[in-house]
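As provided, final25.cif (mmCIF, C-alpha atoms) reads as follows.
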data_entry
loop_
_atom_site.label_atom_id
_atom_site.label_comp_id
_atom_site.auth_asym_id
_atom_site.auth_seq_id
_atom_site.Cartn_x
_atom_site.Cartn_y
_atom_site.Cartn_z
CA MET A 10 -55.77 -86.28 -120.37
CA GLY A 11 -56.46 -86.79 -124.08
CA SER A 12 -59.45 -84.42 -124.20
CA SER A 13 -57.67 -81.71 -122.22
CA VAL A 14 -54.64 -81.92 -124.50
CA ARG A 15 -56.90 -81.63 -127.53
CA GLU A 16 -58.61 -78.59 -126.01
CA LEU A 17 -55.31 -76.93 -125.09
CA ALA A 18 -53.92 -77.58 -128.56
CA ALA A 19 -57.05 -76.18 -130.20
CA ALA A 20 -56.94 -73.08 -127.98
CA THR A 21 -53.32 -72.25 -128.87
CA PRO A 22 -53.10 -68.65 -130.12
CA GLY A 23 -51.93 -68.21 -133.67
CA THR A 24 -49.16 -65.90 -132.44
CA ARG A 25 -47.48 -68.62 -130.34
CA ASP A 26 -44.09 -69.79 -131.60
CA ARG A 27 -44.80 -73.52 -131.75
CA TYR A 28 -41.31 -74.30 -133.02
CA VAL A 29 -39.90 -73.19 -129.67
CA ASP A 30 -42.16 -75.68 -127.88
CA LEU A 31 -41.11 -78.39 -130.30
CA LEU A 32 -37.45 -77.63 -129.60
CA ARG A 33 -38.06 -77.80 -125.85
CA VAL A 34 -39.61 -81.25 -126.08
CA ALA A 35 -37.10 -82.54 -128.63
CA SER A 36 -34.08 -81.41 -126.61
CA LEU A 37 -35.24 -83.02 -123.36
CA GLY A 38 -36.27 -86.16 -125.22
CA THR A 39 -32.83 -86.39 -126.81
CA VAL A 40 -31.14 -86.05 -123.42
CA VAL A 41 -33.31 -88.80 -121.93
CA LEU A 42 -32.70 -91.16 -124.84
CA GLY A 43 -28.99 -90.43 -124.72
CA HIS A 44 -28.79 -91.29 -121.02
CA TRP A 45 -30.61 -94.56 -121.58
CA LEU A 46 -28.34 -95.49 -124.45
CA MET A 47 -25.02 -94.41 -122.90
CA ALA A 48 -25.49 -96.25 -119.61
CA VAL A 49 -23.42 -99.42 -119.37
CA VAL A 50 -24.46 -101.43 -116.32
CA THR A 51 -22.70 -104.57 -115.16
CA GLY A 52 -22.65 -106.45 -111.90
CA ASP A 53 -19.67 -104.28 -110.90
CA GLY A 54 -21.25 -100.86 -111.46
CA VAL A 55 -22.32 -98.29 -114.03
CA GLY A 56 -20.12 -97.09 -116.88
CA ASN A 57 -20.41 -95.00 -120.02
CA LEU A 58 -20.71 -96.37 -123.55
CA LEU A 59 -18.65 -93.44 -124.85
CA ALA A 60 -15.72 -94.60 -122.73
CA VAL A 61 -16.08 -98.15 -124.07
CA VAL A 62 -16.29 -96.97 -127.70
CA PRO A 63 -14.40 -93.63 -127.84
CA GLY A 64 -15.21 -93.22 -131.53
CA LEU A 65 -18.83 -92.55 -130.60
CA GLN A 66 -17.83 -89.38 -128.74
CA LEU A 67 -18.13 -87.41 -131.98
CA LEU A 68 -21.89 -88.02 -131.82
CA THR A 69 -22.04 -85.71 -128.81
CA TRP A 70 -21.46 -82.81 -131.20
CA VAL A 71 -25.04 -83.39 -132.34
CA LEU A 72 -26.68 -85.19 -129.43
CA GLN A 73 -25.42 -82.96 -126.57
CA ILE A 74 -28.42 -80.77 -127.14
CA MET A 75 -28.87 -79.18 -123.70
CA PRO A 76 -27.69 -75.79 -125.04
CA VAL A 77 -30.84 -75.74 -127.21
CA PHE A 78 -33.02 -76.12 -124.11
CA PHE A 79 -31.28 -73.20 -122.40
CA PHE A 80 -31.53 -71.11 -125.59
CA VAL A 81 -35.28 -71.79 -125.72
CA GLY A 82 -35.45 -70.89 -122.03
CA GLY A 83 -33.96 -67.48 -122.73
CA PHE A 84 -36.56 -66.82 -125.41
CA SER A 85 -39.44 -67.81 -123.11
CA HIS A 86 -38.08 -65.94 -120.10
CA ALA A 87 -37.78 -62.71 -122.07
CA LEU A 88 -41.40 -62.88 -123.21
CA SER A 89 -42.66 -63.86 -119.75
CA TYR A 90 -40.80 -61.14 -117.87
CA ARG A 91 -41.86 -58.44 -120.30
CA ALA A 92 -45.49 -59.52 -120.05
CA LEU A 93 -45.36 -59.38 -116.24
CA ARG A 94 -43.57 -56.03 -116.31
CA ARG A 95 -46.40 -54.55 -118.38
CA LYS A 96 -49.13 -55.94 -116.10
CA GLN A 97 -47.41 -55.48 -112.75
CA PRO A 98 -44.95 -52.57 -112.97
CA ASP A 99 -44.01 -52.42 -109.29
CA GLY A 100 -41.52 -53.88 -106.83
CA SER A 101 -43.20 -57.29 -106.73
CA VAL A 102 -42.64 -58.13 -110.41
CA TYR A 103 -39.39 -60.01 -109.66
CA SER A 104 -40.93 -62.32 -107.06
CA ALA A 105 -43.97 -62.89 -109.30
CA PHE A 106 -41.69 -63.71 -112.24
CA LEU A 107 -39.64 -66.19 -110.22
CA ARG A 108 -42.67 -68.06 -109.01
CA ALA A 109 -44.38 -68.04 -112.40
CA ARG A 110 -41.33 -69.47 -114.17
CA LEU A 111 -40.26 -71.89 -111.45
CA GLN A 112 -43.53 -73.38 -110.28
CA ARG A 113 -43.64 -76.20 -112.84
CA LEU A 114 -39.91 -76.75 -112.37
CA LEU A 115 -39.56 -76.73 -108.60
CA ARG A 116 -42.72 -78.50 -107.47
CA PRO A 117 -41.90 -81.79 -109.27
CA THR A 118 -38.23 -81.38 -108.31
CA VAL A 119 -39.05 -81.00 -104.62
CA VAL A 120 -41.27 -84.10 -104.76
CA PHE A 121 -38.45 -86.02 -106.46
CA ILE A 122 -36.00 -84.92 -103.75
CA LEU A 123 -38.40 -85.85 -100.93
CA VAL A 124 -39.20 -89.29 -102.37
CA TRP A 125 -35.61 -90.20 -103.09
CA GLY A 126 -34.38 -88.69 -99.81
CA ALA A 127 -36.86 -90.78 -97.84
CA ALA A 128 -35.99 -93.90 -99.84
CA ALA A 129 -32.27 -93.32 -99.28
CA LEU A 130 -32.79 -93.00 -95.53
CA ILE A 131 -34.79 -96.23 -95.40
CA VAL A 132 -32.23 -98.10 -97.52
CA GLN A 133 -29.35 -96.92 -95.33
CA LEU A 134 -31.17 -97.78 -92.10
CA LEU A 135 -31.68 -101.29 -93.49
CA GLY A 136 -28.02 -101.48 -94.53
CA GLY A 137 -28.74 -102.00 -98.21
CA ASP A 138 -26.83 -99.08 -99.69
CA GLY A 139 -24.09 -101.15 -101.32
CA GLY A 140 -23.60 -102.35 -104.88
CA LEU A 141 -25.93 -101.08 -107.58
CA THR A 142 -28.26 -99.56 -104.98
CA GLY A 143 -25.51 -97.29 -103.70
CA VAL A 144 -24.57 -96.34 -107.25
CA ALA A 145 -28.22 -95.58 -108.03
CA MET A 146 -28.56 -93.24 -105.04
CA ARG A 147 -25.68 -91.19 -106.41
CA LEU A 148 -26.52 -91.43 -110.09
CA VAL A 149 -30.22 -90.44 -109.99
CA ALA A 150 -29.29 -87.06 -108.51
CA GLN A 151 -26.80 -86.10 -111.23
CA PRO A 152 -29.35 -84.59 -113.69
CA LEU A 153 -30.28 -82.10 -110.96
CA TRP A 154 -27.33 -79.99 -112.14
CA PHE A 155 -29.57 -78.98 -115.04
CA ILE A 156 -32.24 -77.75 -112.61
CA GLY A 157 -29.64 -75.71 -110.74
CA ILE A 158 -28.35 -74.03 -113.89
CA TYR A 159 -31.89 -73.28 -115.02
CA LEU A 160 -32.62 -71.69 -111.64
CA ALA A 161 -29.67 -69.37 -112.16
CA MET A 162 -30.93 -68.42 -115.61
CA VAL A 163 -34.33 -67.50 -114.24
CA ALA A 164 -32.79 -65.56 -111.36
CA PHE A 165 -30.54 -63.52 -113.66
CA THR A 166 -33.14 -62.91 -116.37
CA PRO A 167 -34.25 -59.41 -115.19
CA PRO A 168 -30.78 -57.80 -115.01
CA LEU A 169 -29.46 -59.59 -118.09
CA LEU A 170 -32.57 -58.68 -120.06
CA LYS A 171 -31.99 -55.02 -119.17
CA LEU A 172 -28.42 -55.32 -120.43
CA HIS A 173 -29.70 -56.98 -123.60
CA GLU A 174 -32.23 -54.21 -124.18
CA ARG A 175 -29.47 -51.64 -123.85
CA TYR A 176 -26.50 -53.33 -125.53
CA GLY A 177 -27.95 -56.16 -127.67
CA TRP A 178 -25.18 -58.36 -129.02
CA GLY A 179 -22.74 -56.45 -126.80
CA ALA A 180 -24.22 -58.04 -123.66
CA PHE A 181 -23.81 -61.49 -125.23
CA GLY A 182 -20.25 -60.58 -126.24
CA ALA A 183 -19.39 -59.61 -122.66
CA LEU A 184 -20.47 -63.04 -121.40
CA VAL A 185 -18.41 -64.73 -124.12
CA ALA A 186 -15.41 -62.60 -123.14
CA GLY A 187 -15.91 -63.69 -119.53
CA ALA A 188 -15.84 -67.35 -120.61
CA VAL A 189 -12.63 -66.76 -122.59
CA LEU A 190 -10.92 -65.06 -119.64
CA VAL A 191 -11.93 -67.85 -117.29
CA ASP A 192 -10.45 -70.54 -119.52
CA VAL A 193 -7.26 -68.53 -119.98
CA ALA A 194 -6.94 -68.15 -116.21
CA ARG A 195 -7.72 -71.83 -115.76
CA PHE A 196 -5.44 -73.40 -118.33
CA ALA A 197 -2.69 -70.80 -118.69
CA GLY A 198 -2.70 -69.20 -115.25
CA HIS A 199 -3.72 -72.30 -113.25
CA VAL A 200 -5.89 -70.12 -111.01
CA PRO A 201 -7.72 -72.39 -108.53
CA PHE A 202 -11.53 -72.61 -108.62
CA VAL A 203 -11.82 -69.98 -111.38
CA GLU A 204 -13.25 -72.59 -113.75
CA PHE A 205 -16.51 -72.68 -111.78
CA LEU A 206 -17.32 -69.17 -113.02
CA ASN A 207 -17.99 -70.68 -116.43
CA PHE A 208 -21.09 -72.36 -115.07
CA ALA A 209 -22.42 -68.80 -115.26
CA PHE A 210 -20.60 -67.30 -118.27
CA VAL A 211 -21.08 -70.22 -120.67
CA TRP A 212 -24.68 -71.11 -119.92
CA LEU A 213 -25.84 -67.51 -119.49
CA ALA A 214 -24.30 -66.65 -122.87
CA VAL A 215 -26.38 -69.40 -124.50
CA HIS A 216 -29.42 -68.15 -122.57
CA GLN A 217 -28.70 -64.61 -123.82
CA LEU A 218 -29.04 -65.86 -127.38
CA GLY A 219 -32.65 -66.60 -126.53
CA PHE A 220 -33.17 -62.89 -125.76
CA LEU A 221 -31.71 -62.03 -129.15
CA ARG A 222 -34.08 -64.48 -130.83
CA ALA A 223 -37.05 -62.97 -128.98
CA ASP A 224 -36.21 -59.64 -130.61
CA GLY A 225 -35.55 -61.14 -134.05
CA ARG A 226 -31.86 -60.29 -133.93
CA ILE A 227 -30.40 -63.64 -135.03
CA ARG A 228 -30.47 -62.79 -138.70
CA MET A 229 -27.52 -64.89 -139.94
CA PRO A 230 -27.86 -68.31 -138.28
CA ALA A 231 -25.55 -69.91 -140.87
CA VAL A 232 -22.73 -67.61 -139.75
CA LEU A 233 -23.43 -68.42 -136.10
CA ALA A 234 -23.43 -72.17 -136.79
CA ALA A 235 -20.25 -72.03 -138.87
CA ALA A 236 -18.41 -69.88 -136.33
CA GLY A 237 -19.41 -72.17 -133.46
CA LEU A 238 -18.51 -75.39 -135.26
CA THR A 239 -15.19 -74.00 -136.49
CA GLY A 240 -14.34 -72.64 -133.04
CA ALA A 241 -15.18 -75.91 -131.28
CA ALA A 242 -13.17 -77.94 -133.79
CA ALA A 243 -10.14 -75.66 -133.44
CA LEU A 244 -10.26 -75.67 -129.65
CA VAL A 245 -10.46 -79.47 -129.52
CA ALA A 246 -7.75 -79.91 -132.15
CA PHE A 247 -5.25 -77.41 -130.74
CA GLY A 248 -6.29 -76.78 -127.14
CA PRO A 249 -6.61 -78.75 -123.91
CA TYR A 250 -10.24 -79.65 -124.62
CA PRO A 251 -11.53 -83.23 -125.02
CA LEU A 252 -13.55 -84.42 -128.00
CA SER A 253 -16.65 -85.35 -126.01
CA MET A 254 -19.18 -82.62 -125.29
CA VAL A 255 -20.46 -84.60 -122.29
CA GLY A 256 -18.51 -85.55 -119.18
CA MET A 257 -16.44 -88.72 -119.35
CA PRO A 258 -15.46 -90.83 -116.32
CA GLY A 259 -11.91 -90.28 -115.19
CA GLU A 260 -11.03 -87.57 -117.70
CA LYS A 261 -8.72 -84.80 -116.50
CA VAL A 262 -10.67 -82.05 -118.30
CA SER A 263 -14.40 -82.12 -118.95
CA ASN A 264 -16.19 -79.81 -121.38
CA MET A 265 -19.30 -80.05 -119.21
CA ALA A 266 -18.37 -79.75 -115.56
CA PRO A 267 -17.34 -76.99 -115.40
CA PRO A 268 -18.33 -75.83 -118.90
CA THR A 269 -15.54 -74.72 -121.23
CA LEU A 270 -15.18 -72.35 -124.14
CA ALA A 271 -15.38 -75.41 -126.42
CA LEU A 272 -18.85 -76.19 -125.05
CA LEU A 273 -19.89 -72.58 -125.62
CA CYS A 274 -18.81 -72.85 -129.25
CA HIS A 275 -20.76 -76.10 -129.45
CA GLY A 276 -23.79 -74.22 -128.15
CA LEU A 277 -23.38 -71.54 -130.85
CA TRP A 278 -23.24 -74.23 -133.52
CA LEU A 279 -26.41 -75.88 -132.25
CA VAL A 280 -28.33 -72.60 -131.92
CA GLY A 281 -27.36 -71.63 -135.46
CA ALA A 282 -28.38 -75.09 -136.71
CA VAL A 283 -31.84 -75.07 -135.12
CA GLU A 284 -32.44 -71.54 -136.38
CA LEU A 285 -31.57 -72.68 -139.90
CA LEU A 286 -34.27 -75.34 -139.49
CA ARG A 287 -36.80 -72.86 -138.20
CA ALA A 288 -39.06 -72.71 -141.27
CA PRO A 289 -39.50 -76.48 -141.78
CA GLY A 290 -39.67 -76.95 -138.00
CA ALA A 291 -42.49 -74.43 -137.73
CA ARG A 292 -44.40 -76.18 -140.51
CA LEU A 293 -43.98 -79.51 -138.72
CA ALA A 294 -45.15 -78.08 -135.38
CA ALA A 295 -48.20 -76.56 -137.09
CA ARG A 296 -49.56 -80.00 -137.98
CA PRO A 297 -52.47 -80.77 -135.63
CA LYS A 298 -51.29 -84.25 -134.59
CA VAL A 299 -47.73 -83.10 -134.05
CA TRP A 300 -48.86 -80.09 -132.05
CA ARG A 301 -51.08 -82.22 -129.82
CA GLY A 302 -48.08 -84.44 -129.14
CA VAL A 303 -45.94 -81.41 -128.29
CA VAL A 304 -48.61 -80.05 -125.92
CA ALA A 305 -48.94 -83.43 -124.19
CA ALA A 306 -45.18 -83.86 -123.86
CA ASN A 307 -44.65 -80.32 -122.55
CA GLY A 308 -47.15 -81.02 -119.78
CA VAL A 309 -45.03 -83.85 -118.33
CA ALA A 310 -41.54 -83.09 -119.64
CA MET A 311 -39.97 -82.13 -116.33
CA THR A 312 -41.48 -85.08 -114.48
CA ALA A 313 -40.20 -87.48 -117.15
CA PHE A 314 -36.75 -85.90 -117.05
CA LEU A 315 -36.51 -86.17 -113.28
CA TRP A 316 -37.52 -89.85 -113.14
CA HIS A 317 -36.00 -91.30 -116.32
CA LEU A 318 -32.79 -92.45 -114.63
CA THR A 319 -34.81 -94.04 -111.83
CA ALA A 320 -36.66 -96.02 -114.49
CA MET A 321 -33.47 -97.01 -116.29
CA LEU A 322 -31.78 -98.23 -113.11
CA GLY A 323 -34.97 -100.03 -112.14
CA VAL A 324 -34.81 -101.98 -115.42
CA TYR A 325 -31.18 -102.94 -114.87
CA GLY A 326 -31.84 -103.80 -111.23
CA ALA A 327 -34.69 -106.11 -112.24
CA MET A 328 -32.48 -107.76 -114.85
CA LEU A 329 -29.76 -108.42 -112.30
CA ALA A 330 -32.27 -109.69 -109.74
CA LEU A 331 -33.77 -112.08 -112.31
CA ASP A 332 -30.31 -113.23 -113.47
CA VAL A 333 -30.94 -111.94 -116.98
CA THR A 334 -27.70 -112.04 -118.93
CA LEU A 335 -26.11 -108.63 -119.45
CA PRO A 336 -23.99 -108.87 -122.60
CA ALA A 337 -20.55 -107.28 -122.71
CA PRO A 338 -20.90 -103.57 -123.52
CA ALA A 339 -20.93 -102.55 -127.20
CA THR A 340 -21.05 -106.16 -128.46
CA ALA A 341 -23.59 -107.26 -131.05
CA ALA A 342 -25.67 -108.90 -128.31
CA TRP A 343 -25.57 -105.69 -126.25
CA TRP A 344 -26.79 -103.60 -129.20
CA ALA A 345 -29.50 -106.15 -129.96
CA GLN A 346 -30.74 -105.94 -126.37
CA ALA A 347 -30.64 -102.12 -126.26
CA PRO A 348 -34.06 -101.47 -127.93
CA VAL A 349 -35.76 -103.79 -125.44
CA ARG A 350 -34.08 -102.11 -122.45
CA ILE A 351 -35.00 -98.66 -123.74
CA ALA A 352 -38.61 -99.68 -124.44
CA VAL A 353 -39.02 -101.10 -120.92
CA ALA A 354 -37.35 -98.00 -119.41
CA ALA A 355 -39.77 -95.81 -121.40
CA ALA A 356 -42.74 -97.83 -120.13
CA LEU A 357 -41.54 -97.57 -116.53
CA THR A 358 -40.97 -93.84 -116.97
CA ALA A 359 -44.56 -93.54 -118.19
CA VAL A 360 -45.73 -95.25 -114.99
CA LEU A 361 -43.70 -92.85 -112.86
CA VAL A 362 -45.02 -89.89 -114.87
CA ALA A 363 -48.58 -91.08 -114.27
CA ALA A 364 -47.85 -91.23 -110.53
CA PHE A 365 -46.16 -87.84 -110.21
CA ARG A 366 -47.38 -85.68 -113.11
CA GLY A 367 -49.97 -83.93 -110.93
CA PHE A 368 -47.18 -81.95 -109.27
CA GLU A 369 -46.29 -80.42 -112.63
CA ARG A 370 -49.74 -78.92 -113.14
CA PRO A 371 -49.63 -75.14 -112.79
CA VAL A 372 -51.75 -73.30 -110.25
CA GLN A 373 -53.07 -69.78 -110.61
CA ALA A 374 -51.87 -67.12 -108.21
CA ALA A 375 -53.29 -63.75 -107.25
CA PRO A 376 -51.04 -60.75 -107.93
CA ALA A 377 -47.88 -61.10 -105.87
CA THR A 378 -47.30 -58.92 -102.84
CA GLY A 379 -44.10 -60.65 -101.79
CA SER A 380 -40.59 -59.36 -101.40
CA GLY A 381 -38.07 -59.41 -104.24
CA PRO A 382 -35.09 -59.81 -101.86
CA VAL A 383 -36.80 -62.76 -100.13
CA ALA A 384 -37.43 -64.38 -103.50
CA ALA A 385 -33.81 -63.77 -104.53
CA LEU A 386 -32.52 -65.36 -101.31
CA GLY A 387 -34.90 -68.26 -101.81
CA ILE A 388 -33.78 -69.03 -105.34
CA THR A 389 -30.13 -68.73 -104.26
CA LEU A 390 -30.63 -71.30 -101.49
CA CYS A 391 -32.55 -73.55 -103.86
CA LEU A 392 -29.86 -73.25 -106.52
CA PHE A 393 -27.03 -74.22 -104.18
CA GLY A 394 -29.11 -76.99 -102.62
CA VAL A 395 -30.00 -78.57 -105.95
CA LEU A 396 -26.46 -78.23 -107.35
CA GLY A 397 -25.00 -79.64 -104.13
CA LEU A 398 -27.35 -82.60 -104.25
CA SER A 399 -26.45 -83.28 -107.88
CA MET A 400 -22.84 -83.65 -106.77
CA VAL A 401 -23.13 -85.54 -103.48
CA GLY A 402 -26.17 -87.69 -104.40
CA PHE A 403 -28.64 -89.26 -101.99
CA GLY A 404 -26.09 -91.71 -100.62
CA GLY A 405 -24.47 -90.94 -97.29
CA MET A 406 -27.56 -89.27 -95.82
CA LEU A 407 -26.60 -90.65 -92.42
CA GLU A 408 -22.83 -90.81 -92.90
CA GLY A 409 -21.89 -87.19 -93.53
CA ARG A 410 -20.55 -87.88 -97.01
CA THR A 411 -19.56 -84.61 -98.72
CA ALA A 412 -18.86 -83.21 -102.17
CA MET A 413 -17.10 -80.01 -103.20
CA LEU A 414 -19.49 -77.31 -104.43
CA VAL A 415 -17.22 -74.58 -105.82
CA ALA A 416 -14.97 -74.17 -102.73
CA VAL A 417 -17.40 -75.35 -100.06
CA ARG A 418 -18.04 -78.88 -98.83
CA VAL A 419 -21.72 -79.85 -98.83
CA THR A 420 -23.56 -82.85 -97.39
CA ALA A 421 -26.74 -84.44 -98.71
CA PRO A 422 -28.91 -83.40 -95.70
CA ALA A 423 -27.67 -79.80 -95.97
CA ALA A 424 -28.35 -79.76 -99.71
CA VAL A 425 -31.88 -81.13 -99.23
CA ALA A 426 -32.58 -78.54 -96.51
CA MET A 427 -31.36 -75.65 -98.68
CA ALA A 428 -33.45 -76.80 -101.63
CA LEU A 429 -36.63 -77.14 -99.57
CA ILE A 430 -36.23 -73.89 -97.65
CA GLY A 431 -35.38 -72.01 -100.83
CA TRP A 432 -38.43 -73.40 -102.61
CA LEU A 433 -40.73 -72.36 -99.76
CA MET A 434 -39.27 -68.84 -99.79
CA VAL A 435 -39.84 -68.49 -103.54
CA GLU A 436 -43.41 -69.78 -103.18
CA ARG A 437 -44.26 -67.44 -100.31
CA ALA A 438 -42.61 -64.40 -101.84
CA GLY A 439 -44.32 -64.82 -105.20
CA ARG A 440 -47.93 -65.43 -104.24
CA ARG A 441 -50.73 -64.29 -102.02
CA THR A 442 -53.40 -66.95 -102.54
CA LEU A 443 -53.56 -70.02 -104.74
CA LYS A 444 -56.39 -71.41 -106.81
CA PRO A 445 -56.13 -74.72 -108.65
CA VAL A 446 -56.16 -74.50 -112.41
CA ALA A 447 -58.39 -76.98 -114.21
CA SER A 448 -56.27 -79.49 -116.05
#
Take the structure in this file and express it as structure tokens.
Amino acid sequence: MGSSVRELAAATPGTRDRYVDLLRVASLGTVVLGHWLMAVVTGDGVGNLLAVVPGLQLLTWVLQIMPVFFFVGGFSHALSYRALRRKQPDGSVYSAFLRARLQRLLRPTVVFILVWGAAALIVQLLGGDGGLTGVAMRLVAQPLWFIGIYLAMVAFTPPLLKLHERYGWGAFGALVAGAVLVDVARFAGHVPFVEFLNFAFVWLAVHQLGFLRADGRIRMPAVLAAAGLTGAAALVAFGPYPLSMVGMPGEKVSNMAPPTLALLCHGLWLVGAVELLRAPGARLAARPKVWRGVVAANGVAMTAFLWHLTAMLGVYGAMLALDVTLPAPATAAWWAQAPVRIAVAAALTAVLVAAFRGFERPVQAAPATGSGPVAALGITLCLFGVLGLSMVGFGGMLEGRTAMLVAVRVTAPAAVAMALIGWLMVERAGRRTLKPVAS
């Protein structure tokens, strides 16, 4: 692994925007660390540190960094689609684009779903799905919402990129206007289910900023950051929006699920902030040791993200099984124990990454001859399957437990089936033959 990373790092073209890669790694790493730190596990279940210490919710205005990952995704998707369009200007470019962008995302995700689905079935057949085990089977699936949103971004890249190329900031403005109208209809008009549209408007608007960056059109990042921060502060102070930029247990309104206009403003503030740091960030990423670390982390980032909650819950489960004292949340003893818990969770995550990282290795495909409509149907099924699973969890595989996905009830077996079938359709539509790529 070390030699291949060194070779990849040395072979990096001088034209590559290394700061973007650094942002990708840093944003996912921040999310993982935040999940490890915020989890409050007791013998009775799993809680959230931000609910125990509400004053810490202000930290989410810096640490809720997922908008940066989606912004970086927009930048990368624009470059990737344009490169494919130049090389393969025919009807198969869409299916080829989907497979090229989703391969390293969906292959490890499908393995994660299969492993946890099988484990959940075994646990339920043995009657051991109570207590922390039952909580774990629901909790480990929650980060899959991110995969679902990212699938939508990839799927909508071609049409939204065309709109960007024609209207520039106007296309971004239209998505923002959509988010505003949705929140007005939700909070003022009390229109049922309309809030789910902001899963598209809010996150696609952040993604659209990545297109603008790809064309060098974010020329006043300080203005963007100030406008976003001011807007978020005003909406929280005077509107129906909570302070936390992550979901809180039991809250009536969440800024995250579904996303709100306040979260969109938060995204603008973060994008402006990281763009202000672009010059020093680029210098940092240009350092050989730093760049080798970024290359290594990018090669396993999705695998680590998928399994980090499994590792965290494994640590807590072992502590409970060994009768290790769990201090009361947010006490001095709890904070003193936190670095040890996080270090052990990181070590266990590394073990899981070593076991599953091979599924994140890309494979080379011959020019696609597949069908764009088949690929579109496949990614749609995969999107709804992954989002449904993030909501219902792996618990209840044999009991018919359901969760509401927009206005439709979904079960865990149905969600797993949609995800797997959709993945196979995307794979088949976007390739003709496969050849392994040397790692």
Nearest residue to Leu115 in chain A out of A:Val417, A:Ala35, A:Ile388, A:Ala424, using all atoms listed in the file?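 So, comparing all the options, the nearest one is A:Ile388.
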From the list A:Phe80, A:Trp154, A:Tyr103, A:Tyr325, the nearest residue to Leu221 in chain A using only C-alpha atoms is A:Phe80
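Once the PyMOL selection byres ((chain A and resi 188-196) around 8) is applied to this file, the selection holds Leu184, Val185, Ala186, Gly187, Ala197, Gly198, His199, Val200, Pro201, Val203, Glu204, Leu206, Asn207, Phe210, Val211, Pro249, Thr269 and Leu270 of chain A.
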Ref. answer, residues at most 12 Å from (-52.2, -73.5, -128.2) with only C-alpha atoms, as a list in words: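 It turns out the residues near that spot are Ser13, Val14, Arg15, Glu16, Leu17, Ala18, Ala19, Ala20, Thr21, Pro22, Gly23, Thr24, Arg25, Asp26, Arg27, Tyr28, Asp30, Ala294, Ala295, Pro297, Trp300, Arg301, Gly302, Val303, Val304, Ala305 and Asn307 of chain A.
Summary of the local environment: counting only C-alpha atoms, residues at most 9 Å from Leu315 in chain A, other than itself and those fewer than 2 positions away along its chain, are A:Pro117, A:Thr118, A:Phe121, A:Val149, A:Ala150, A:Pro152, A:Leu153, A:Ala310, A:Met311, A:Thr312, A:Ala313, A:His317, A:Leu318, A:Thr319.
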Just the residues within 12 Å of Arg350 in chain A, please, counting all atoms listed in the file, with nothing from its chain fewer than 3 positions along; format it as JSON, numbers by chain. {"A": [42, 45, 46, 47, 48, 49, 50, 320, 321, 322, 323, 324, 325, 326, 327, 328, 333, 335, 343, 344, 345, 346, 347, 353, 354, 355, 356, 357]}
Create the file for the chosen residues now, containing C-alpha atoms and written as a PDB file, keeping the file's coordinate frame.
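Saved as selection.pdb:
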ATOM      1  CA  LEU A  42     -32.700 -91.160-124.840  1.00  0.00           C
ATOM      2  CA  TRP A  45     -30.610 -94.560-121.580  1.00  0.00           C
ATOM      3  CA  LEU A  46     -28.340 -95.490-124.450  1.00  0.00           C
ATOM      4  CA  MET A  47     -25.020 -94.410-122.900  1.00  0.00           C
ATOM      5  CA  ALA A  48     -25.490 -96.250-119.610  1.00  0.00           C
ATOM      6  CA  VAL A  49     -23.420 -99.420-119.370  1.00  0.00           C
ATOM      7  CA  VAL A  50     -24.460-101.430-116.320  1.00  0.00           C
ATOM      8  CA  ALA A 320     -36.660 -96.020-114.490  1.00  0.00           C
ATOM      9  CA  MET A 321     -33.470 -97.010-116.290  1.00  0.00           C
ATOM     10  CA  LEU A 322     -31.780 -98.230-113.110  1.00  0.00           C
ATOM     11  CA  GLY A 323     -34.970-100.030-112.140  1.00  0.00           C
ATOM     12  CA  VAL A 324     -34.810-101.980-115.420  1.00  0.00           C
ATOM     13  CA  TYR A 325     -31.180-102.940-114.870  1.00  0.00           C
ATOM     14  CA  GLY A 326     -31.840-103.800-111.230  1.00  0.00           C
ATOM     15  CA  ALA A 327     -34.690-106.110-112.240  1.00  0.00           C
ATOM     16  CA  MET A 328     -32.480-107.760-114.850  1.00  0.00           C
ATOM     17  CA  VAL A 333     -30.940-111.940-116.980  1.00  0.00           C
ATOM     18  CA  LEU A 335     -26.110-108.630-119.450  1.00  0.00           C
ATOM     19  CA  TRP A 343     -25.570-105.690-126.250  1.00  0.00           C
ATOM     20  CA  TRP A 344     -26.790-103.600-129.200  1.00  0.00           C
ATOM     21  CA  ALA A 345     -29.500-106.150-129.960  1.00  0.00           C
ATOM     22  CA  GLN A 346     -30.740-105.940-126.370  1.00  0.00           C
ATOM     23  CA  ALA A 347     -30.640-102.120-126.260  1.00  0.00           C
ATOM     24  CA  VAL A 353     -39.020-101.100-120.920  1.00  0.00           C
ATOM     25  CA  ALA A 354     -37.350 -98.000-119.410  1.00  0.00           C
ATOM     26  CA  ALA A 355     -39.770 -95.810-121.400  1.00  0.00           C
ATOM     27  CA  ALA A 356     -42.740 -97.830-120.130  1.00  0.00           C
ATOM     28  CA  LEU A 357     -41.540 -97.570-116.530  1.00  0.00           C
TER      29      LEU A 357
END
Apply the PyMOL selection byres ((chain A and resi 276) around 9) to the file shown and report the selected residues as a list in words.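 This file, filtered by the PyMOL selection byres ((chain A and resi 276) around 9), leaves Ile74, Met75, Pro76, Val77, Phe80, Val211, Trp212, Val215, Ala234, Gly237, Leu238, Ala271, Leu272, Leu273, Cys274, His275, Leu277, Trp278, Leu279, Val280 and Gly281 of chain A.
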Rounded to one decimal in Å, what is the spacing between CA of His216 in chain A and CA of Phe79 in chain A?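 One can read the CA of His216 in chain A to CA of Phe79 in chain A distance as 5.4 Å.
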